[in-house]
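Undergrad: Questions regarding the structure given below will be posed in turn.
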Amino acid sequence: MLKRRFLHREDWSRIIKRTYKEKEINNNNFVGYISLIQMHEVSKPLITKHLEQEICIVDNNYSWLQQLPLNEHYAITTMFNGAEEIIQWYIDITNENGVENNMPYMDDLFLDLIVFPTGEVIQKDIDELEEALNNKWITQQQYDLAYKTVNIVLEEVQEGKFKYFSMSSIHRNCLL
């Protein structure tokens, strides 16, 4: 029972007024889709708590850039505040990234990484991945893929080699 998430996130009722743009890219650096959700008005801010502090990731005039590389098993969401500063990168580990009815999607494998501009990293939802395996929502092969992928990404992040971070602002500017 994988969660299929479409980049447009039209089912997100928190956002009252928004602009959505999407673009397919096929070059030496990136093959896949990028999208930008600009949140002009939200019903209420979304605040998360990490590293002993509250972090607002959704509010009026915030934006989310999503990068969906079709040849990888992850998707990256770069969250920008109203001053266009990066708040965090959220990396969803995925079983598959693809396109259905002309809409880009990711099949979420539960496991996530949050990376802050300070370099701090949080690994999230290990318990959800375990529960998915125990309930047979995913196979052992998908479970192994999630851990293999998160370890590769984590190593690239820690070594400063995860190329999608440096593309965040470039991709965002392509959609503005």
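Going through the structure tokens in order, the chains are called A, B, and so on, while each chain numbers its residues from 1 and the ligands are numbered from 1 in the order shown.
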How close does segment 3-95 of chain A get to segment 126-133 of chain A? List, as a Markdown table, each residue of segment 3-95 of chain A within 12 Å, its nearest atom pair and the distance in Å to one decimal, counting only C-alpha atoms.

TA:
```
| residue | atom | partner | partner_atom | distance |
| --- | --- | --- | --- | --- |
| A:Lys3 | CA | A:Ala132 | CA | 11.0 |
| A:Ile93 | CA | A:Leu129 | CA | 10.5 |
| A:Thr94 | CA | A:Leu129 | CA | 11.6 |
```

Undergrad: Going by DSSP on the backbone, which residues of chain A come out as strand (DSSP E or B)? List them as number ranges by chain.

TA: A: 3-6, 15-26, 31-42, 46-50, 53-58, 62-69, 74-80, 86-100, 103-115, 121-124

Undergrad: Mind checking DSSP for segment 14-171 of chain A and telling me the helix (DSSP H, G or I) residues as number ranges by chain?

TA: A: 126-134, 140-158, 163-171

Undergrad: At a cut-off of 12 Å, using only C-alpha atoms, what residues contact Lys49 of chain A? Leave out same-chain residues fewer than 5 positions from it and give the result as a PDB file with N, CA and C atoms, in the first residue's frame.

TA:
```
ATOM      1  N   GLU A  54      10.834  24.898  16.743  1.00  0.00           N
ATOM      2  CA  GLU A  54       9.692  24.888  15.843  1.00  0.00           C
ATOM      3  C   GLU A  54      10.096  25.536  14.526  1.00  0.00           C
ATOM      4  N   ILE A  55       9.695  24.890  13.426  1.00  0.00           N
ATOM      5  CA  ILE A  55      10.062  25.365  12.102  1.00  0.00           C
ATOM      6  C   ILE A  55       8.794  25.481  11.266  1.00  0.00           C
ATOM      7  N   CYS A  56       8.532  26.670  10.771  1.00  0.00           N
ATOM      8  CA  CYS A  56       7.374  26.902   9.913  1.00  0.00           C
ATOM      9  C   CYS A  56       7.762  26.520   8.488  1.00  0.00           C
ATOM     10  N   ILE A  57       6.992  25.580   7.888  1.00  0.00           N
ATOM     11  CA  ILE A  57       7.293  25.141   6.523  1.00  0.00           C
ATOM     12  C   ILE A  57       6.200  25.525   5.522  1.00  0.00           C
ATOM     13  N   ILE A 114      15.369  14.817   6.252  1.00  0.00           N
ATOM     14  CA  ILE A 114      15.249  16.271   6.276  1.00  0.00           C
ATOM     15  C   ILE A 114      16.657  16.814   6.444  1.00  0.00           C
ATOM     16  N   ILE A 122      18.083  14.846   9.592  1.00  0.00           N
ATOM     17  CA  ILE A 122      17.175  14.026  10.393  1.00  0.00           C
ATOM     18  C   ILE A 122      16.641  12.912   9.506  1.00  0.00           C
TER      19      ILE A 122
END
```

Undergrad: Could you tell me how far atom CA of Leu70 of chain A sits from atom CA of Asn28 of chain A, in Å to one decimal place?

TA: 13.1 Å

Undergrad: Let me make sure I understand: among A:Asn134, A:Leu51, A:Asp11, A:Ser35, which one has the smallest atom-to-atom distance to His171 of chain A if we use only C-alpha atoms?

TA: A:Ser35

Undergrad: With only C-alpha atoms as the basis for distance, which of A:Glu96, A:Met103, A:Ser63, A:Pro45 is at the shortest distance from Glu84 of chain A?

TA: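 Looking only at the distances to Glu84 of chain A, the closest residue turns out to be A:Ser63.
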
Undergrad: Which distance in Å separates atom CA of Leu109 of chain A and atom CA of Asp59 of chain A, to one decimal?

TA: 26.8 Å
